[in-house]
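Next comes entry_7.csv, a file with CSV, C-alpha atoms.
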```csv
chain,number,residue,atom,x,y,z
A,27,ALA,CA,0.0,0.0,0.0
A,28,LEU,CA,2.8,2.4,0.9
A,29,GLU,CA,4.6,1.7,-2.4
A,30,VAL,CA,1.5,2.3,-4.4
A,31,LEU,CA,0.7,5.5,-2.5
A,32,CYS,CA,4.2,7.0,-2.9
A,33,ARG,CA,4.3,6.2,-6.6
A,34,SER,CA,0.9,7.8,-7.1
A,35,LEU,CA,2.0,10.9,-5.2
A,36,ASP,CA,5.1,11.2,-7.4
A,37,GLU,CA,3.4,10.5,-10.7
A,38,ASP,CA,-0.2,11.8,-10.3
A,39,ALA,CA,-0.2,14.6,-7.7
A,40,SER,CA,1.1,18.1,-8.2
A,41,LEU,CA,2.2,19.0,-4.7
A,42,THR,CA,3.4,22.4,-3.5
A,43,PRO,CA,6.7,22.5,-1.6
A,44,THR,CA,4.6,22.8,1.6
A,45,GLY,CA,2.3,20.1,0.4
A,46,GLY,CA,5.2,17.7,-0.2
A,47,LEU,CA,6.5,18.3,3.4
A,48,ALA,CA,2.9,17.8,4.7
A,49,VAL,CA,2.4,14.5,2.9
A,50,GLN,CA,5.9,13.3,4.0
A,51,ALA,CA,5.0,14.1,7.6
A,52,MET,CA,1.7,12.3,7.2
A,53,ILE,CA,3.5,9.2,6.0
A,54,THR,CA,6.2,9.2,8.6
A,55,ASN,CA,3.7,9.9,11.4
A,56,ALA,CA,1.8,6.8,10.3
A,57,LEU,CA,4.9,4.7,10.2
A,58,GLU,CA,5.9,6.0,13.7
A,59,ALA,CA,2.4,5.1,15.0
A,60,ARG,CA,2.7,1.6,13.5
A,61,LEU,CA,6.1,1.1,15.2
A,62,LEU,CA,4.7,2.4,18.5
A,63,CYS,CA,1.8,0.0,18.3
A,64,GLU,CA,4.2,-3.0,17.7
A,65,ALA,CA,6.4,-1.9,20.6
A,66,GLY,CA,3.3,-1.5,22.8
A,67,TRP,CA,2.2,-5.1,22.0
A,68,ARG,CA,5.7,-6.4,22.9
A,69,ASP,CA,5.7,-4.4,26.2
A,70,HIS,CA,2.1,-5.3,27.1
A,71,PRO,CA,1.4,-8.9,25.9
A,72,LYS,CA,-1.8,-9.0,28.0
A,73,ALA,CA,-3.3,-6.7,25.5
A,74,GLY,CA,-3.8,-9.7,23.2
A,75,SER,CA,-6.3,-11.2,25.5
A,76,SER,CA,-8.4,-8.0,25.9
A,77,LYS,CA,-11.9,-8.3,24.6
A,78,VAL,CA,-13.7,-5.7,22.4
A,79,GLU,CA,-17.3,-6.7,23.0
A,80,ARG,CA,-20.3,-5.2,21.2
A,81,PRO,CA,-18.5,-2.1,20.1
A,82,LEU,CA,-20.6,0.8,18.7
A,83,PHE,CA,-19.6,2.0,15.3
A,84,ILE,CA,-20.9,5.3,13.9
A,85,ILE,CA,-20.9,5.1,10.1
A,86,GLY,CA,-22.4,7.4,7.5
A,87,LEU,CA,-21.3,9.8,4.8
A,88,PRO,CA,-19.1,12.8,6.0
A,89,ARG,CA,-21.1,15.9,7.0
A,90,THR,CA,-24.0,13.8,8.3
A,91,GLY,CA,-23.6,14.6,12.0
A,92,THR,CA,-21.2,11.8,12.8
A,93,THR,CA,-18.6,14.0,14.5
A,94,ALA,CA,-21.1,15.7,16.8
A,95,LEU,CA,-22.6,12.4,17.7
A,96,HIS,CA,-19.2,10.9,18.3
A,97,HIS,CA,-18.1,13.7,20.6
A,98,LEU,CA,-21.4,13.6,22.6
A,99,LEU,CA,-21.2,9.8,23.1
A,100,GLY,CA,-17.6,10.3,24.2
A,101,GLN,CA,-18.9,12.2,27.2
A,102,ASP,CA,-20.5,9.0,28.6
A,103,PRO,CA,-18.1,7.7,31.3
A,104,THR,CA,-19.0,4.1,30.6
A,105,LEU,CA,-17.7,4.4,27.0
A,106,GLN,CA,-14.3,4.9,25.5
A,107,THR,CA,-13.1,6.4,22.2
A,108,LEU,CA,-10.0,6.7,20.2
A,109,GLU,CA,-8.8,10.2,21.1
A,110,HIS,CA,-6.8,12.0,18.4
A,111,TRP,CA,-3.5,12.2,20.3
A,112,ILE,CA,-3.3,8.5,21.3
A,113,GLN,CA,-4.1,7.3,17.8
A,114,ARG,CA,-0.8,9.0,16.8
A,115,ALA,CA,1.1,7.4,19.7
A,116,PRO,CA,-0.6,4.1,20.5
A,117,LYS,CA,-0.1,2.8,24.1
A,118,PRO,CA,-2.3,2.0,27.1
A,119,ARG,CA,-4.3,5.2,27.7
A,120,PRO,CA,-2.9,7.0,30.8
A,121,ALA,CA,-5.1,8.8,33.3
A,122,ARG,CA,-6.7,11.9,31.7
A,123,GLU,CA,-5.3,14.3,34.3
A,124,SER,CA,-1.8,13.4,33.2
A,125,TRP,CA,-2.3,14.1,29.4
A,126,ALA,CA,-1.1,17.7,29.5
A,127,ALA,CA,2.3,16.5,30.7
A,128,GLU,CA,2.6,13.8,28.1
A,129,ALA,CA,5.1,14.6,25.3
A,130,ASP,CA,2.9,12.7,22.8
A,131,PHE,CA,-0.1,14.9,23.7
A,132,ARG,CA,1.9,18.1,23.4
A,133,ALA,CA,3.3,16.9,20.0
A,134,ALA,CA,-0.3,16.3,18.8
A,135,GLU,CA,-1.3,19.8,19.8
A,136,LEU,CA,1.6,21.3,17.9
A,137,ARG,CA,0.7,19.3,14.8
A,138,LEU,CA,-2.8,20.6,14.9
A,139,ASP,CA,-1.7,24.1,15.4
A,140,ALA,CA,0.4,23.8,12.2
A,141,LEU,CA,-2.6,22.3,10.3
A,142,TYR,CA,-4.9,25.1,11.3
A,143,ALA,CA,-2.2,27.7,10.5
A,144,SER,CA,-2.0,26.3,6.9
A,145,SER,CA,-5.8,25.9,6.5
A,146,PRO,CA,-7.4,28.3,9.0
A,147,GLU,CA,-10.9,27.8,7.6
A,148,LEU,CA,-10.7,24.1,8.5
A,149,ARG,CA,-11.3,24.7,12.2
A,150,ALA,CA,-14.8,26.0,11.4
A,151,ILE,CA,-15.5,23.2,9.1
A,152,HIS,CA,-14.3,20.2,11.0
A,153,GLU,CA,-13.1,20.3,14.6
A,154,ILE,CA,-10.1,18.3,15.6
A,155,GLU,CA,-8.5,18.7,19.1
A,156,ALA,CA,-5.8,16.5,20.7
A,157,GLN,CA,-8.1,15.4,23.6
A,158,LEU,CA,-11.2,14.8,21.5
A,159,PRO,CA,-12.4,11.6,19.9
A,160,ASP,CA,-11.2,11.2,16.3
A,161,GLU,CA,-11.8,9.1,13.3
A,162,CYS,CA,-10.6,5.6,12.7
A,163,TRP,CA,-8.7,6.6,9.6
A,164,ASN,CA,-5.8,7.5,11.9
A,165,ILE,CA,-5.5,3.8,12.7
A,166,PHE,CA,-6.1,2.7,9.2
A,167,SER,CA,-3.2,4.9,8.1
A,168,GLN,CA,-0.9,2.3,9.8
A,169,ASN,CA,-1.9,0.1,6.8
A,170,PHE,CA,-2.0,3.1,4.4
A,171,ALA,CA,-5.5,2.0,3.5
A,172,HIS,CA,-8.3,4.6,3.8
A,173,SER,CA,-10.2,7.2,1.8
A,174,SER,CA,-8.5,10.3,3.0
A,175,TYR,CA,-5.5,10.1,0.6
A,176,GLU,CA,-7.6,10.6,-2.5
A,177,ALA,CA,-9.6,13.3,-0.7
A,178,ASN,CA,-6.4,15.3,0.0
A,179,ALA,CA,-4.6,15.0,-3.3
A,180,ASN,CA,-4.9,13.6,-6.9
A,181,VAL,CA,-3.7,10.0,-6.4
A,182,SER,CA,-5.5,8.2,-9.1
A,183,GLN,CA,-3.3,5.1,-9.2
A,184,TYR,CA,-3.6,4.7,-5.4
A,185,ALA,CA,-7.4,5.3,-5.6
A,186,GLU,CA,-7.7,2.6,-8.2
A,187,TRP,CA,-5.7,0.2,-6.1
A,188,TRP,CA,-7.6,1.0,-2.9
A,189,ALA,CA,-10.9,0.4,-4.5
A,190,ARG,CA,-9.9,-3.3,-5.0
A,191,SER,CA,-7.9,-3.8,-1.8
A,192,ASP,CA,-8.5,-6.2,1.1
A,193,MET,CA,-9.3,-4.2,4.2
A,194,ARG,CA,-9.3,-7.2,6.6
A,195,PRO,CA,-5.6,-6.7,7.6
A,196,ALA,CA,-6.5,-3.0,8.4
A,197,TYR,CA,-9.4,-4.1,10.6
A,198,ARG,CA,-7.2,-6.7,12.4
A,199,ARG,CA,-4.7,-3.9,13.2
A,200,HIS,CA,-7.6,-1.7,14.2
A,201,ARG,CA,-8.6,-4.2,16.9
A,202,ARG,CA,-5.0,-4.5,18.0
A,203,ASN,CA,-4.7,-0.8,18.6
A,204,ALA,CA,-8.0,-0.8,20.5
A,205,GLN,CA,-6.8,-3.6,22.7
A,206,LEU,CA,-3.6,-1.8,23.5
A,207,ILE,CA,-5.1,1.6,24.0
A,208,GLY,CA,-8.0,0.4,26.1
A,209,LEU,CA,-5.9,-2.0,28.3
A,210,GLY,CA,-6.6,0.1,31.4
A,211,ASP,CA,-10.3,0.6,30.6
A,212,LEU,CA,-11.5,-3.0,30.0
A,213,ASP,CA,-14.8,-2.3,31.6
A,214,LYS,CA,-15.7,0.5,29.1
A,215,ARG,CA,-17.4,-0.2,25.8
A,216,TRP,CA,-15.7,1.1,22.6
A,217,VAL,CA,-17.3,3.7,20.3
A,218,PHE,CA,-15.6,4.1,16.9
A,219,LYS,CA,-16.4,6.4,14.0
A,220,ASP,CA,-15.3,6.8,10.4
A,221,ALA,CA,-16.9,7.2,7.0
A,222,THR,CA,-14.3,4.8,5.6
A,223,HIS,CA,-16.3,2.0,7.2
A,224,LEU,CA,-18.9,2.4,4.5
A,225,PHE,CA,-16.6,1.0,1.9
A,226,ARG,CA,-15.7,-2.3,3.7
A,227,LEU,CA,-18.6,-3.0,6.0
A,228,ASP,CA,-18.0,-6.7,5.3
A,229,ALA,CA,-14.4,-6.6,6.6
A,230,LEU,CA,-15.6,-4.6,9.7
A,231,LEU,CA,-18.2,-7.3,10.5
A,232,ASP,CA,-15.7,-10.1,9.9
A,233,GLU,CA,-13.5,-8.6,12.6
A,234,TYR,CA,-16.3,-7.3,14.9
A,235,PRO,CA,-19.2,-9.7,14.3
A,236,ASP,CA,-21.1,-8.4,17.3
A,237,ALA,CA,-20.7,-4.7,16.4
A,238,MET,CA,-23.6,-2.3,16.8
A,239,ILE,CA,-23.9,0.0,13.8
A,240,VAL,CA,-25.4,3.4,13.9
A,241,GLN,CA,-25.7,4.8,10.3
A,242,THR,CA,-26.4,8.5,9.9
A,243,HIS,CA,-28.4,9.8,6.9
A,244,ARG,CA,-28.7,13.2,5.3
A,245,ASP,CA,-29.8,14.5,1.8
A,246,PRO,CA,-26.7,13.7,-0.3
A,247,VAL,CA,-26.9,16.9,-2.4
A,248,PRO,CA,-25.7,19.2,0.4
A,249,VAL,CA,-23.6,16.4,1.8
A,250,ILE,CA,-21.4,16.1,-1.3
A,251,ALA,CA,-21.1,19.9,-1.6
A,252,SER,CA,-20.0,20.1,2.0
A,253,VAL,CA,-17.5,17.2,1.6
A,254,CYS,CA,-16.0,19.1,-1.4
A,255,SER,CA,-15.7,22.2,0.7
A,256,LEU,CA,-14.0,20.4,3.5
A,257,CYS,CA,-11.5,18.5,1.4
A,258,LEU,CA,-10.8,21.5,-0.8
A,259,SER,CA,-9.7,23.5,2.2
A,260,VAL,CA,-6.9,20.9,2.8
A,261,ARG,CA,-6.2,20.2,-0.8
A,262,GLN,CA,-5.5,23.8,-1.7
A,263,ALA,CA,-2.7,23.9,0.8
A,264,ILE,CA,-1.2,20.7,-0.6
A,265,GLU,CA,-1.7,20.7,-4.4
A,266,ARG,CA,-0.6,23.4,-6.8
A,267,GLU,CA,-3.9,23.4,-8.6
A,268,THR,CA,-7.2,21.5,-8.5
A,269,ASP,CA,-9.6,21.0,-11.4
A,270,LEU,CA,-12.8,21.7,-9.5
A,271,HIS,CA,-15.1,19.9,-12.0
A,272,ALA,CA,-12.9,16.8,-11.9
A,273,PHE,CA,-12.7,17.0,-8.1
A,274,GLY,CA,-16.4,17.2,-7.8
A,275,ARG,CA,-17.0,14.2,-10.1
A,276,SER,CA,-14.4,12.1,-8.3
A,277,THR,CA,-15.8,13.0,-4.9
A,278,LEU,CA,-19.3,12.1,-6.0
A,279,ALA,CA,-18.1,8.8,-7.5
A,280,LEU,CA,-16.1,7.9,-4.4
A,281,TRP,CA,-18.9,8.3,-1.9
A,282,GLY,CA,-21.5,6.9,-4.3
A,283,ARG,CA,-19.4,3.7,-4.3
A,284,SER,CA,-19.3,3.7,-0.5
A,285,ILE,CA,-23.1,3.8,-0.3
A,286,ASP,CA,-23.5,1.1,-3.0
A,287,SER,CA,-21.0,-1.2,-1.1
A,288,MET,CA,-22.7,-0.6,2.3
A,289,MET,CA,-26.2,-1.4,0.9
A,290,GLU,CA,-25.0,-4.7,-0.6
A,291,VAL,CA,-23.5,-5.8,2.8
A,292,ARG,CA,-26.6,-4.7,4.7
A,293,LYS,CA,-28.8,-6.9,2.5
A,294,LEU,CA,-27.0,-10.0,3.9
A,295,ARG,CA,-26.9,-9.0,7.6
A,296,ASP,CA,-29.4,-9.1,10.5
A,297,PRO,CA,-31.3,-5.8,10.3
A,298,ALA,CA,-31.3,-5.6,14.1
A,299,GLN,CA,-27.6,-5.0,14.0
A,300,PHE,CA,-28.2,-1.5,12.4
A,301,TYR,CA,-29.8,1.6,13.7
A,302,ASP,CA,-30.6,4.4,11.2
A,303,LEU,CA,-30.4,8.0,12.4
A,304,ALA,CA,-31.5,11.1,10.4
A,305,PHE,CA,-29.2,14.1,10.5
A,306,GLU,CA,-32.3,16.3,11.2
A,307,ASN,CA,-32.9,14.3,14.4
A,308,ILE,CA,-29.4,14.8,15.7
A,309,VAL,CA,-29.7,18.6,15.1
A,310,ALA,CA,-33.2,18.9,16.5
A,311,ASP,CA,-32.6,17.0,19.7
A,312,PRO,CA,-29.2,15.3,20.1
A,313,ILE,CA,-30.0,13.9,23.6
A,314,ASP,CA,-33.2,12.3,22.4
A,315,ALA,CA,-31.3,10.8,19.4
A,316,ILE,CA,-28.7,9.3,21.8
A,317,GLN,CA,-31.4,7.9,24.2
A,318,LYS,CA,-33.1,6.2,21.2
A,319,ILE,CA,-29.7,4.6,20.2
A,320,TYR,CA,-29.3,3.3,23.7
A,321,ALA,CA,-32.8,2.0,23.9
A,322,TYR,CA,-32.5,0.3,20.5
A,323,PHE,CA,-29.4,-1.6,21.5
A,324,GLU,CA,-30.6,-2.2,25.1
A,325,LEU,CA,-27.7,-0.2,26.6
A,326,GLU,CA,-28.0,1.5,30.0
A,327,TYR,CA,-28.6,5.2,29.8
A,328,SER,CA,-27.6,6.9,33.0
```
Take the structure in the file and write it out as structure tokens.
Amino acid sequence: ALEVLCRSLDEDASLTPTGGLAVQAMITNALEARLLCEAGWRDHPKAGSSKVERPLFIIGLPRTGTTALHHLLGQDPTLQTLEHWIQRAPKPRPARESWAAEADFRAAELRLDALYASSPELRAIHEIEAQLPDECWNIFSQNFAHSSYEANANVSQYAEWWARSDMRPAYRRHRRNAQLIGLGDLDKRWVFKDATHLFRLDALLDEYPDAMIVQTHRDPVPVIASVCSLCLSVRQAIERETDLHAFGRSTLALWGRSIDSMMEVRKLRDPAQFYDLAFENIVADPIDAIQKIYAYFELEYS
């Protein structure tokens, strides 16, 4: 995957000098996280016996309320999430009051400051903070297999490869990271979130057969426009130029494929494993929306 990605960046993308440095940092950060995960597993062999039972997965197209829902669910003290900073430096999650003193936490804050300095409009479009829950693509990047690469740059060779790739190794590593990070919170249920899950729902359910799936829904017309706006804010800082018409078509095709794939998998699965949530319901009454999720999956709402 890394070989295909680097070739595509060299041959397909038109990176600015700053963009080249940003992409290089993205790759080396992913490799560092992969090494830290492996080191963590050697140092904490008990992680291999940790169970990840009935995790809750939030899936849905970007811009459908998934981030707000994820952040709100992360406030439940009986649940645990993949915080941004610890996905970049996987290890057993330390006590929250010690995070500010963690070198890895401070490094994550500096990286985000640099990101917002290069794309200041991004903060208003999509909130990322070191201490907040973040998306699973940070874990998938250890396998260099997720949708964000083609959102951020023209990597047509990589996009073609990833459309046919096997995501089961990425989901095995996803579980390994969760087992390591959650080693000190074995009594807490996991909540994960990422739009990339739409593309390989079969691989997700192979690795997590008892997963509870919450799928968010919104009119796709404003969704695709909003996705283009989000990605373009990053892309303009990375690439020399972007053909907006081609970018719009490729974005529509990418997420159209994700929905087609998801629907095919859902046809073959127990409908009770899925809960569908409209964007309008999250906006109108988020607490009511969460209470209905808990009731549907028979989870205790305190």
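Ranking A:Met193, A:Ala73, A:Leu31, A:Ala48 by their shortest atom-to-atom distance to Leu227 (chain A), with all atoms listed in the file included, puts A:Met193 first.
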TODO: Please determine the residues with any atom at most 9 Å from (2.8, 5.6, 10.7) (coordinates as given in the file, with only C-alpha atoms counting) and report them as a PyMOL selection string.
DONE: chain A and resi 52-62+114+164-165+167-170
Which residues of region 171-227 of chain A sit at most 12 Å from region 246-263 of chain A, using only C-alpha atoms? Give each one's shortest atom pair and distance in Å (one decimal place), in chain and ascending residue order, as a Markdown table.
```
| residue | atom | partner | partner_atom | distance |
| --- | --- | --- | --- | --- |
| A:Ser173 | CA | A:Cys257 | CA | 11.4 |
| A:Ser174 | CA | A:Cys257 | CA | 8.9 |
| A:Tyr175 | CA | A:Arg261 | CA | 10.2 |
| A:Glu176 | CA | A:Cys257 | CA | 9.6 |
| A:Ala177 | CA | A:Cys257 | CA | 5.9 |
| A:Asn178 | CA | A:Arg261 | CA | 5.0 |
| A:Ala179 | CA | A:Arg261 | CA | 6.0 |
| A:Asn180 | CA | A:Arg261 | CA | 9.1 |
| A:Val181 | CA | A:Arg261 | CA | 11.9 |
| A:Ala221 | CA | A:Val253 | CA | 11.4 |
```
Include C-alpha atoms and write out the residues we just selected as a CSV table (one decimal), in the frame of the given file.
```csv
chain,number,residue,atom,x,y,z
A,173,SER,CA,-10.2,7.2,1.8
A,174,SER,CA,-8.5,10.3,3.0
A,175,TYR,CA,-5.5,10.1,0.6
A,176,GLU,CA,-7.6,10.6,-2.5
A,177,ALA,CA,-9.6,13.3,-0.7
A,178,ASN,CA,-6.4,15.3,0.0
A,179,ALA,CA,-4.6,15.0,-3.3
A,180,ASN,CA,-4.9,13.6,-6.9
A,181,VAL,CA,-3.7,10.0,-6.4
A,221,ALA,CA,-16.9,7.2,7.0
```
- For Val240 (chain A): contacts at 8 Å, all atoms listed in the file, fewer than 5 positions along chain excluded, given as a PyMOL selection string: chain A and resi 82-85+300-303+319
Can you pull out the residues contacting Asp296 (chain A)? Cut-off 12 Å, using only C-alpha atoms, and skip same-chain residues under 4 positions away; I want them as a PDB file with C-alpha atoms, keeping the file's coordinate frame.
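File produced: around_6.pdb:
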```
ATOM      1  CA  LEU A 231     -18.200  -7.300  10.500  1.00  0.00           C
ATOM      2  CA  PRO A 235     -19.200  -9.700  14.300  1.00  0.00           C
ATOM      3  CA  ASP A 236     -21.100  -8.400  17.300  1.00  0.00           C
ATOM      4  CA  ALA A 237     -20.700  -4.700  16.400  1.00  0.00           C
ATOM      5  CA  MET A 238     -23.600  -2.300  16.800  1.00  0.00           C
ATOM      6  CA  ILE A 239     -23.900   0.000  13.800  1.00  0.00           C
ATOM      7  CA  VAL A 291     -23.500  -5.800   2.800  1.00  0.00           C
ATOM      8  CA  ARG A 292     -26.600  -4.700   4.700  1.00  0.00           C
ATOM      9  CA  PHE A 300     -28.200  -1.500  12.400  1.00  0.00           C
ATOM     10  CA  TYR A 301     -29.800   1.600  13.700  1.00  0.00           C
TER      11      TYR A 301
END
```
Counting only C-alpha atoms, closest pick from A:Ser145, A:Thr107, A:Thr268, A:Thr242 relative to Ala304 (chain A) is A:Thr242
Give me the residues near Glu290 (chain A) as a CSV table (one decimal) with C-alpha atoms, in the frame of the given file, where near means some atom within 12 Å (using all atoms listed in the file) and where sequence neighbours in that chain fewer than 6 positions away do not count.
```csv
chain,number,residue,atom,x,y,z
A,224,LEU,CA,-18.9,2.4,4.5
A,225,PHE,CA,-16.6,1.0,1.9
A,226,ARG,CA,-15.7,-2.3,3.7
A,227,LEU,CA,-18.6,-3.0,6.0
A,228,ASP,CA,-18.0,-6.7,5.3
A,283,ARG,CA,-19.4,3.7,-4.3
A,284,SER,CA,-19.3,3.7,-0.5
```
Could you check how far CA of Leu138 (chain A) sits from CA of Gln157 (chain A), in Å to one decimal?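 Calculated distance between CA of Leu138 (chain A) and CA of Gln157 (chain A) is 11.4 Å.
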task: Find the residues near Gly74 (chain A): any atom within 8 Å, counting all atoms listed in the file, skip ones fewer than 5 places away on the same chain, and give them as a list in words.
output: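 That gives Trp67, Arg202, Gln205 and Leu206 of chain A.
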Take the residues just selected and output them with C-alpha atoms as a short mmCIF file (atom, residue, chain, number, x, y, z; two decimals), in the coordinates of the input.
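The resulting part.cif:
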```
data_model
loop_
_atom_site.label_atom_id
_atom_site.label_comp_id
_atom_site.auth_asym_id
_atom_site.auth_seq_id
_atom_site.Cartn_x
_atom_site.Cartn_y
_atom_site.Cartn_z
CA TRP A 67 2.20 -5.10 22.00
CA ARG A 202 -5.00 -4.50 18.00
CA GLN A 205 -6.80 -3.60 22.70
CA LEU A 206 -3.60 -1.80 23.50
#
```
